[in-house]
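Asker: Following this line is work35.csv, made up of CSV, C-alpha atoms and all ligand atoms:
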```
chain,number,residue,atom,x,y,z
A,1,MET,CA,-41.3,145.5,36.5
A,2,PRO,CA,-40.5,146.7,40.0
A,3,LEU,CA,-37.1,148.2,40.3
A,4,SER,CA,-36.0,145.6,42.8
A,5,ARG,CA,-36.6,142.8,40.4
A,6,ARG,CA,-34.7,144.3,37.5
A,7,PRO,CA,-31.3,142.5,36.9
A,8,THR,CA,-28.2,144.5,37.7
A,9,LEU,CA,-25.3,144.9,35.2
A,10,THR,CA,-23.5,142.2,37.1
A,11,GLN,CA,-26.4,139.7,36.7
A,12,TYR,CA,-26.7,140.5,33.0
A,13,LEU,CA,-23.0,139.9,32.5
A,14,ILE,CA,-23.1,136.6,34.4
A,15,GLU,CA,-26.0,135.5,32.3
A,16,GLN,CA,-24.2,136.5,29.0
A,17,ARG,CA,-21.1,134.5,30.2
A,18,ARG,CA,-23.2,131.4,30.6
A,19,ARG,CA,-23.2,131.1,26.8
A,20,PHE,CA,-19.5,130.3,27.1
A,21,PRO,CA,-18.9,127.9,30.0
A,22,GLN,CA,-15.2,128.0,29.4
A,23,ALA,CA,-15.0,131.8,29.7
A,24,SER,CA,-12.8,133.0,32.5
A,25,GLY,CA,-14.9,136.0,33.6
A,26,GLU,CA,-12.1,138.5,32.9
A,27,LEU,CA,-14.2,140.4,30.3
A,28,ASN,CA,-17.0,140.7,32.8
A,29,ALA,CA,-14.7,142.0,35.4
A,30,LEU,CA,-13.2,144.5,33.0
A,31,ILE,CA,-16.6,145.8,32.0
A,32,LEU,CA,-17.6,146.2,35.6
A,33,ASP,CA,-14.4,148.2,36.3
A,34,VAL,CA,-15.3,150.4,33.3
A,35,SER,CA,-18.8,150.8,34.7
A,36,ILE,CA,-17.4,151.9,38.1
A,37,ALA,CA,-15.2,154.5,36.4
A,38,CYS,CA,-18.4,155.7,34.6
A,39,LYS,CA,-20.2,156.1,37.9
A,40,ALA,CA,-17.4,158.1,39.3
A,41,ILE,CA,-17.4,160.3,36.2
A,42,ALA,CA,-21.2,160.7,36.5
A,43,GLN,CA,-20.7,162.1,40.0
A,44,GLN,CA,-18.1,164.6,38.8
A,45,VAL,CA,-20.2,165.7,35.8
A,46,ALA,CA,-23.2,166.2,38.1
A,47,LEU,CA,-21.2,168.7,40.2
A,48,GLY,CA,-21.2,170.9,37.1
A,49,SER,CA,-19.5,174.3,37.5
A,50,LEU,CA,-18.6,173.4,41.1
A,51,VAL,CA,-15.6,171.4,39.7
A,52,ASN,CA,-15.3,172.5,36.1
A,53,LEU,CA,-12.9,175.4,36.6
A,54,PRO,CA,-11.0,176.6,33.5
A,55,VAL,CA,-7.4,175.5,33.1
A,56,ALA,CA,-5.4,177.9,31.0
A,57,GLY,CA,-3.5,176.5,28.0
A,58,ALA,CA,-4.2,172.8,28.3
A,59,THR,CA,-4.6,171.1,24.9
A,60,ASN,CA,-4.7,167.4,23.8
A,61,VAL,CA,-2.8,165.8,21.0
A,62,GLN,CA,-5.4,167.0,18.5
A,63,GLY,CA,-5.0,170.6,19.5
A,64,GLU,CA,-8.4,170.7,21.3
A,65,VAL,CA,-8.8,172.6,24.5
A,66,GLN,CA,-8.9,170.1,27.4
A,67,LYS,CA,-11.4,170.8,30.1
A,68,PRO,CA,-10.6,169.8,33.6
A,69,LEU,CA,-13.3,167.1,33.4
A,70,ASP,CA,-11.7,165.7,30.3
A,71,VAL,CA,-8.5,165.1,32.3
A,72,VAL,CA,-10.3,163.9,35.4
A,73,SER,CA,-12.4,161.4,33.4
A,74,ASN,CA,-9.3,160.1,31.7
A,75,GLU,CA,-7.6,159.6,35.1
A,76,MET,CA,-10.6,157.8,36.5
A,77,LEU,CA,-10.7,155.3,33.6
A,78,LEU,CA,-6.9,154.8,33.8
A,79,ARG,CA,-6.8,154.3,37.6
A,80,GLN,CA,-9.9,152.0,37.7
A,81,ASN,CA,-8.6,149.7,35.0
A,82,GLU,CA,-4.8,149.6,35.2
A,83,TRP,CA,-4.4,147.3,38.3
A,84,SER,CA,-6.7,144.4,37.5
A,85,GLY,CA,-4.6,142.2,35.2
A,86,HIS,CA,-7.2,142.2,32.5
A,87,LEU,CA,-5.5,144.7,30.2
A,88,ALA,CA,-2.2,145.0,28.4
A,89,GLY,CA,-2.8,148.7,27.6
A,90,MET,CA,-5.2,151.5,27.0
A,91,ALA,CA,-5.5,154.4,24.6
A,92,SER,CA,-7.6,157.5,24.9
A,93,GLU,CA,-8.5,160.7,23.1
A,94,GLU,CA,-6.8,162.6,25.9
A,95,MET,CA,-3.4,160.8,25.6
A,96,ASP,CA,-0.9,161.3,22.7
A,97,GLU,CA,0.5,157.7,23.0
A,98,PRO,CA,-0.8,154.3,24.1
A,99,TYR,CA,-0.7,153.6,27.8
A,100,PRO,CA,1.0,150.3,28.6
A,101,ILE,CA,0.0,148.8,31.9
A,102,PRO,CA,2.7,149.8,34.4
A,103,SER,CA,5.1,147.0,35.3
A,104,GLN,CA,4.0,146.7,38.9
A,105,TYR,CA,0.7,145.3,37.7
A,106,PRO,CA,-0.1,142.1,35.8
A,107,ARG,CA,-0.9,142.4,32.1
A,108,GLY,CA,-3.8,140.8,30.4
A,109,LYS,CA,-5.5,139.8,27.2
A,110,TYR,CA,-7.6,142.9,26.4
A,111,LEU,CA,-7.0,146.4,25.2
A,112,LEU,CA,-9.3,149.3,26.3
A,113,VAL,CA,-9.8,152.3,24.1
A,114,PHE,CA,-11.9,155.3,25.1
A,115,ASP,CA,-13.1,158.8,24.7
A,116,PRO,CA,-13.4,159.6,28.4
A,117,LEU,CA,-15.7,162.6,27.9
A,118,ASP,CA,-17.5,163.0,24.6
A,119,GLY,CA,-19.2,166.2,23.8
A,120,SER,CA,-17.2,168.1,26.4
A,121,SER,CA,-17.9,171.4,24.7
A,122,ASN,CA,-21.4,170.9,26.3
A,123,ILE,CA,-20.2,170.7,29.9
A,124,ASP,CA,-20.4,174.5,30.4
A,125,VAL,CA,-24.0,174.6,29.2
A,126,ASN,CA,-25.2,171.6,31.2
A,127,VAL,CA,-26.1,169.5,28.2
A,128,SER,CA,-25.6,165.7,28.1
A,129,VAL,CA,-22.1,164.3,27.7
A,130,GLY,CA,-20.9,160.7,27.7
A,131,SER,CA,-18.0,158.3,27.8
A,132,ILE,CA,-17.5,155.8,25.0
A,133,PHE,CA,-15.3,152.7,25.0
A,134,SER,CA,-14.1,149.8,22.9
A,135,ILE,CA,-12.6,146.5,24.1
A,136,LEU,CA,-10.1,144.8,21.7
A,137,ARG,CA,-8.0,141.6,22.2
A,138,THR,CA,-4.3,142.1,22.9
A,139,PRO,CA,-2.3,140.5,20.0
A,140,ASP,CA,-1.1,137.0,21.0
A,141,GLU,CA,2.5,138.0,20.5
A,142,VAL,CA,2.2,140.9,23.1
A,143,VAL,CA,0.5,138.5,25.6
A,144,LYS,CA,3.3,136.0,25.2
A,145,SER,CA,6.2,138.4,25.3
A,146,GLY,CA,4.8,140.7,27.9
A,147,ARG,CA,6.3,143.7,26.1
A,148,ASP,CA,4.8,147.2,26.2
A,149,VAL,CA,1.9,147.8,23.8
A,150,THR,CA,2.6,150.1,20.8
A,151,GLU,CA,0.3,152.1,18.5
A,152,ALA,CA,0.5,149.2,16.0
A,153,ASP,CA,-1.2,146.8,18.5
A,154,PHE,CA,-4.4,148.9,18.4
A,155,MET,CA,-4.7,148.9,14.5
A,156,GLN,CA,-7.6,146.5,14.6
A,157,PRO,CA,-10.8,147.0,12.6
A,158,GLY,CA,-14.0,147.5,14.5
A,159,SER,CA,-15.2,144.1,13.4
A,160,THR,CA,-12.8,142.6,15.9
A,161,GLN,CA,-14.1,144.4,18.9
A,162,VAL,CA,-15.1,142.1,21.8
A,163,ALA,CA,-17.4,144.6,23.4
A,164,ALA,CA,-18.3,148.3,23.1
A,165,GLY,CA,-20.4,150.7,25.1
A,166,TYR,CA,-21.1,154.1,26.3
A,167,ALA,CA,-22.3,155.9,29.4
A,168,ILE,CA,-24.5,158.9,29.0
A,169,TYR,CA,-24.6,161.5,31.7
A,170,GLY,CA,-28.0,163.1,31.2
A,171,PRO,CA,-31.0,163.6,33.5
A,172,ALA,CA,-30.4,159.9,34.2
A,173,THR,CA,-27.0,158.2,33.9
A,174,MET,CA,-27.2,155.2,31.6
A,175,LEU,CA,-24.8,152.5,30.4
A,176,VAL,CA,-25.4,151.0,27.0
A,177,LEU,CA,-23.5,147.9,26.2
A,178,THR,CA,-22.9,145.2,23.6
A,179,VAL,CA,-20.8,142.1,24.1
A,180,GLY,CA,-21.8,140.8,20.7
A,181,TYR,CA,-25.3,139.5,21.4
A,182,GLY,CA,-27.6,142.6,21.0
A,183,VAL,CA,-27.5,145.8,22.9
A,184,ALA,CA,-28.7,146.3,26.4
A,185,GLY,CA,-29.3,149.6,28.3
A,186,PHE,CA,-28.9,150.0,32.0
A,187,THR,CA,-30.0,153.0,34.1
A,188,LEU,CA,-28.1,154.0,37.2
A,189,ASP,CA,-30.1,153.7,40.4
A,190,PRO,CA,-28.4,156.4,42.4
A,191,ALA,CA,-29.7,155.1,45.7
A,192,LEU,CA,-28.2,151.7,45.2
A,193,GLY,CA,-25.2,152.9,43.1
A,194,GLU,CA,-26.1,150.0,40.6
A,195,PHE,CA,-26.8,150.0,36.9
A,196,LYS,CA,-30.2,148.2,36.5
A,197,LEU,CA,-31.3,146.6,33.2
A,198,THR,CA,-34.0,148.9,31.8
A,199,HIS,CA,-33.7,148.4,28.1
A,200,PRO,CA,-33.0,144.7,27.4
A,201,ASP,CA,-33.0,144.6,23.6
A,202,MET,CA,-32.4,148.0,22.1
A,203,GLN,CA,-33.3,148.2,18.4
A,204,VAL,CA,-32.8,151.0,15.9
A,205,SER,CA,-35.9,151.5,13.8
A,206,GLN,CA,-35.2,150.7,10.1
A,207,ASP,CA,-36.8,154.0,8.9
A,208,THR,CA,-36.8,157.5,10.2
A,209,ASN,CA,-37.8,161.0,9.4
A,210,GLU,CA,-35.2,162.6,11.7
A,211,PHE,CA,-31.6,163.5,10.8
A,212,ALA,CA,-28.7,165.1,12.6
A,213,ILE,CA,-25.9,167.1,10.9
A,214,ASN,CA,-23.9,170.3,11.7
A,215,SER,CA,-25.2,172.3,8.7
A,216,SER,CA,-22.8,175.1,9.3
A,217,ASN,CA,-20.4,172.9,7.3
A,218,SER,CA,-22.8,172.6,4.3
A,219,ARG,CA,-20.6,174.5,1.9
A,220,PHE,CA,-17.8,171.9,2.5
A,221,TRP,CA,-20.0,168.8,2.0
A,222,GLU,CA,-19.4,166.4,-0.8
A,223,PRO,CA,-22.2,166.1,-3.4
A,224,PRO,CA,-23.9,162.8,-2.0
A,225,VAL,CA,-24.3,164.4,1.5
A,226,LYS,CA,-25.6,167.6,0.0
A,227,ARG,CA,-28.1,165.7,-2.1
A,228,TYR,CA,-29.3,163.7,0.9
A,229,VAL,CA,-29.8,166.8,3.1
A,230,ASP,CA,-31.4,168.8,0.4
A,231,GLU,CA,-33.9,166.0,-0.2
A,232,CYS,CA,-34.7,165.9,3.5
A,233,LEU,CA,-35.2,169.6,3.6
A,234,ALA,CA,-37.5,169.6,0.6
A,235,GLY,CA,-39.8,167.5,2.7
A,236,SER,CA,-43.2,166.5,1.4
A,237,ASN,CA,-42.7,168.6,-1.7
A,238,GLY,CA,-39.4,166.8,-2.6
A,239,PRO,CA,-38.4,163.4,-3.9
A,240,ARG,CA,-38.8,161.8,-0.4
A,241,GLY,CA,-42.4,162.8,-0.2
A,242,LYS,CA,-42.3,163.3,3.6
A,243,ASP,CA,-41.3,166.0,6.1
A,244,PHE,CA,-38.1,165.5,8.1
A,245,ASN,CA,-37.1,166.8,11.6
A,246,MET,CA,-33.6,167.8,12.5
A,247,ARG,CA,-31.6,167.6,15.8
A,248,TRP,CA,-28.0,168.5,16.7
A,249,ILE,CA,-26.7,168.1,20.2
A,250,ALA,CA,-22.9,168.3,19.4
A,251,SER,CA,-22.4,165.2,21.6
A,252,MET,CA,-22.1,162.1,19.6
A,253,VAL,CA,-22.9,159.8,22.5
A,254,ALA,CA,-26.1,161.7,23.1
A,255,GLU,CA,-27.0,161.6,19.4
A,256,ALA,CA,-26.3,157.8,19.3
A,257,HIS,CA,-28.5,157.3,22.3
A,258,ARG,CA,-31.4,159.3,20.8
A,259,ILE,CA,-31.1,157.2,17.6
A,260,LEU,CA,-31.2,154.0,19.6
A,261,MET,CA,-34.3,155.2,21.4
A,262,ARG,CA,-36.4,156.6,18.5
A,263,GLY,CA,-34.5,156.1,15.3
A,264,GLY,CA,-32.7,158.7,13.2
A,265,VAL,CA,-29.6,159.2,11.2
A,266,PHE,CA,-26.4,161.0,12.2
A,267,LEU,CA,-23.9,162.4,9.8
A,268,TYR,CA,-20.5,163.9,10.5
A,269,PRO,CA,-19.2,163.1,7.0
A,270,ARG,CA,-15.8,163.8,5.6
A,271,ASP,CA,-15.8,167.1,3.9
A,272,ASN,CA,-13.5,169.6,2.3
A,273,LYS,CA,-13.2,172.0,5.2
A,274,ASP,CA,-9.8,170.8,6.3
A,275,LEU,CA,-7.8,168.7,3.8
A,276,ALA,CA,-5.5,167.5,6.5
A,277,ARG,CA,-8.2,165.6,8.2
A,278,ASN,CA,-10.6,163.0,6.9
A,279,GLY,CA,-13.8,163.8,8.9
A,280,ARG,CA,-14.2,165.1,12.5
A,281,LEU,CA,-14.8,162.1,14.7
A,282,ARG,CA,-12.2,159.5,15.6
A,283,LEU,CA,-12.2,156.0,14.3
A,284,LEU,CA,-10.9,154.0,17.3
A,285,TYR,CA,-12.8,155.4,20.2
A,286,GLU,CA,-15.9,157.1,18.6
A,287,ALA,CA,-16.7,155.5,15.3
A,288,SER,CA,-15.8,151.9,16.0
A,289,PRO,CA,-17.7,151.5,19.3
A,290,VAL,CA,-20.7,153.3,17.9
A,291,GLY,CA,-20.5,151.1,14.8
A,292,MET,CA,-20.6,147.9,16.9
A,293,ILE,CA,-23.5,149.2,18.9
A,294,MET,CA,-25.5,150.3,15.9
A,295,GLU,CA,-25.0,147.1,14.0
A,296,GLN,CA,-25.8,145.0,17.0
A,297,ALA,CA,-29.1,147.0,17.4
A,298,GLY,CA,-30.1,146.4,13.7
A,299,GLY,CA,-28.9,149.8,12.5
A,300,ARG,CA,-26.0,150.6,10.2
A,301,CYS,CA,-22.7,152.5,10.5
A,302,SER,CA,-20.7,153.7,7.5
A,303,THR,CA,-18.2,156.1,6.1
A,304,GLY,CA,-20.6,156.6,3.2
A,305,ARG,CA,-18.3,154.3,1.2
A,306,GLN,CA,-17.8,151.3,3.4
A,307,ALA,CA,-18.9,149.9,6.7
A,308,ILE,CA,-17.1,151.5,9.6
A,309,LEU,CA,-16.4,148.1,11.1
A,310,GLY,CA,-14.4,147.1,8.1
A,311,VAL,CA,-12.0,150.0,8.2
A,312,VAL,CA,-8.5,149.0,9.3
A,313,PRO,CA,-7.0,151.9,11.3
A,314,THR,CA,-3.7,153.4,10.4
A,315,ALA,CA,-3.2,155.8,13.4
A,316,LEU,CA,-4.4,156.0,17.0
A,317,HIS,CA,-6.1,159.3,16.6
A,318,GLN,CA,-7.3,158.8,13.0
A,319,ARG,CA,-10.4,160.7,12.0
A,320,ILE,CA,-13.1,159.4,9.7
A,321,GLY,CA,-16.3,160.3,8.1
A,322,LEU,CA,-19.2,158.8,10.1
A,323,ILE,CA,-22.8,158.1,9.2
A,324,PHE,CA,-24.9,155.9,11.4
A,325,GLY,CA,-28.5,155.1,12.5
A,326,SER,CA,-31.6,153.8,10.8
A,327,LYS,CA,-30.5,151.2,8.3
A,328,ASN,CA,-32.6,152.2,5.3
A,329,GLU,CA,-31.5,155.8,5.6
A,330,VAL,CA,-27.8,155.0,5.9
A,331,GLU,CA,-28.0,152.6,3.0
A,332,ARG,CA,-29.7,155.4,0.9
A,333,ILE,CA,-26.7,157.7,1.7
A,334,GLU,CA,-24.3,154.9,0.7
A,335,ASN,CA,-26.2,154.5,-2.5
A,336,TYR,CA,-25.9,158.2,-3.2
A,337,HIS,CA,-22.1,157.9,-2.7
A,338,ARG,CA,-22.1,155.1,-5.3
A,339,ASP,CA,-24.3,156.9,-7.8
A,340,PRO,CA,-21.9,158.6,-10.2
A,341,ALA,CA,-24.7,160.2,-12.3
A,342,LYS,CA,-25.7,162.2,-9.3
A,343,ARG,CA,-22.3,163.5,-8.4
A,344,ASP,CA,-21.3,167.0,-9.4
A,345,ALA,CA,-18.2,167.1,-11.5
A,346,PRO,CA,-15.5,166.1,-9.0
A,347,ASN,CA,-12.5,168.1,-8.3
A,348,PRO,CA,-9.7,165.5,-9.0
A,349,LEU,CA,-8.0,166.5,-5.8
A,350,PHE,CA,-10.9,165.3,-3.7
A,351,VAL,CA,-12.0,162.1,-5.2
A,352,GLU,CA,-11.6,158.7,-3.5
A,353,ARG,CA,-8.0,158.2,-4.6
A,354,GLY,CA,-7.2,161.9,-4.9
A,355,LEU,CA,-4.0,163.6,-3.7
A,356,PHE,CA,-5.5,164.4,-0.3
A,357,ARG,CA,-7.5,161.2,0.3
A,358,ASP,CA,-6.3,157.8,1.4
A,401,LIG,P1,-15.2,165.6,22.0
A,401,LIG,O1,-15.9,166.4,22.9
A,401,LIG,O2,-14.9,164.2,22.6
A,401,LIG,O3,-14.0,166.3,21.3
A,401,LIG,O4,-16.2,165.2,20.8
A,401,LIG,C1,-17.1,166.1,20.3
A,401,LIG,C2,-17.6,165.6,18.9
A,401,LIG,C3,-18.9,164.9,19.0
A,401,LIG,O5,-19.3,164.5,20.2
A,401,LIG,C4,-19.8,165.8,18.3
A,401,LIG,O6,-20.7,165.1,17.5
A,401,LIG,C5,-19.0,166.7,17.5
A,401,LIG,O7,-17.7,166.7,18.1
A,401,LIG,C6,-19.5,168.1,17.4
A,401,LIG,O8,-18.8,168.8,16.5
A,401,LIG,P2,-19.2,170.3,16.1
A,401,LIG,O9,-18.6,171.1,17.2
A,401,LIG,O10,-18.5,170.5,14.8
A,401,LIG,O11,-20.7,170.4,16.0
A,402,MN,MN,-15.7,162.7,21.5
A,403,MN,MN,-13.7,163.7,24.4
```
Can the structure from this file be put into structure tokens for me?

Answerer:
Amino acid sequence: MPLSRRPTLTQYLIEQRRRFPQASGELNALILDVSIACKAIAQQVALGSLVNLPVAGATNVQGEVQKPLDVVSNEMLLRQNEWSGHLAGMASEEMDEPYPIPSQYPRGKYLLVFDPLDGSSNIDVNVSVGSIFSILRTPDEVVKSGRDVTEADFMQPGSTQVAAGYAIYGPATMLVLTVGYGVAGFTLDPALGEFKLTHPDMQVSQDTNEFAINSSNSRFWEPPVKRYVDECLAGSNGPRGKDFNMRWIASMVAEAHRILMRGGVFLYPRDNKDLARNGRLRLLYEASPVGMIMEQAGGRCSTGRQAILGVVPTALHQRIGLIFGSKNEVERIENYHRDPAKRDAPNPLFVERGLFRD
């Protein structure tokens, strides 16, 4: 299809809204504001080392070094979304506490949660990074009272998300979005400054022979994960009877995008490396949105023990074991977690209800 005839993101959203004649258009307006912030972030990312100067000593609530672009991206999302009246509050990887919409602006019926720059350890080496976001409803009581949002207002399982998406800043900038009716991918036309619909119905293939895991953590893995990876590595000589390929970008958004495009399975499982944390990736702004996108594209997203979308959060920056991608592969890994015969003798401290596990 010629580029000029491809629908824009705005057209796509208007067509989606026609399913609900009573809809106010606020969700569409919110998503468009998020997309504008993503375009601005894309411009900054494209400047590379011209703007990414080191800031000494800056860390976020999770003790991670904040790069200038982490902070800039966070600001862009805040400023582009705080004024519109569609939101009651926001929460971000880069902010310790929830951000209530300042009192000079109207407050609205949605909450926006985001990781403004995912994979930011890749910025210095010019590898793809992204922004990932989740849109939740503001609890009724908050809408009625108009009070400031608190952490508790964000403790909603991923199944309640209204929309989720990510922008990937790669050779091309893309926005991938679900509003609950499949997954659509848009490519930024830099000349027009518009996202154009290029991938109308993204589907994750059911099967794959490609997996992604940081194997430097293998000595900390739990038995089901170790079994799965060992079987992949054994290839055509092993129980799977086929060879597997492996990829690790260290940018979850980029891995999710690859999996949407050509299948695969991604694992950042909980492990025994650091007993104080239950996995590496964050539930509210990494696992939940990727979970909605994967499930809407016919894939699966799990902790290994339960669907990510069913997990009720207990803290804003909660971490969680995350496994997603091609459905049959994720289900296989879930089966390995259920299969007691194949588990090594568990250390009682580390089992599901152990001292260090919730
Ligand atoms: P962030 O840059 O937002 O902190 O997230 C990085 C995450 C994720 O994108 C990636 O999959 C993972 O960290 C990489 O972890 P390792 O450094 O352990 O490979
Ligand atoms: Mn991240
Ligand atoms: Mn980040």

Asker: So which one's closest to Leu3 of chain A, A:Thr187, A:Gln306, A:Asn126, A:Gln44? Using all atoms listed in the file, please.

Answerer: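 The closest residue to Leu3 of chain A is A:Thr187.
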
Asker: Taking (-24.7, 173.4, 38.3) in the file's coordinates, which residues come within 10 Å, counting only C-alpha atoms, written as an MDAnalysis selection string?

Answerer: chainID A and resid 45:52 123:126

Asker: With all atoms listed in the file as the counted atoms, please give the residues lying no more than 12 Å from segment 10-18 of chain A, apart from itself and same-chain residues fewer than 6 positions off, as a VMD selection string.

Answerer: chain A and resid 24 to 33 35 to 36 163 177 to 186 194 to 200

Asker: Any idea what's packed within 6 Å of segment 219-225 of chain A, counting only C-alpha atoms, ignoring anything in its chain fewer than 5 positions away? Could you give it as a list of chain:residue names?

Answerer: A:Asp271, A:Asn272, A:Lys273, A:Tyr336, A:His337, A:Arg343

Asker: Could you list, as an MDAnalysis selection string, every residue within 8 Å of segment 76-84 of chain A, counting all atoms listed in the file and ignoring same-chain residues fewer than 5 positions away?

Answerer: chainID A and resid 30 33:34 36:38 40:41 89:90 101:102 105:106 116

Asker: Check the smallest atom-to-atom distance from each of A:Arg332, A:Arg19, A:Arg300, A:Lys144 to Leu260 of chain A using all atoms listed in the file, then report the winner.

Answerer: A:Arg300

Asker: Enumerate residues in contact with ligand MN 403 (chain A): an atom-to-atom distance of at most 10 Å, counting all atoms listed in the file. Format the result as JSON, numbers by chain.

Answerer: {"A": [60, 64, 66, 67, 69, 70, 71, 73, 74, 92, 93, 94, 114, 115, 116, 117, 118, 119, 120, 121, 129, 130, 131, 132, 251, 252, 281, 282, 285, 286]}

Asker: Please indicate the distance in Å from atom CA of Ala42 of chain A to atom CA of Phe133 of chain A, rounded to one decimal place.

Answerer: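 Distance reported for this atom pair: 15.2 Å.
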
Asker: Pick out the closest residue to Gly146 of chain A from this set: A:Thr160, A:Gly85, A:Gly279, A:Asp274. Count only C-alpha atoms.

Answerer: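 Looking at the shortest contact to Gly146 of chain A, the residue is A:Gly85.
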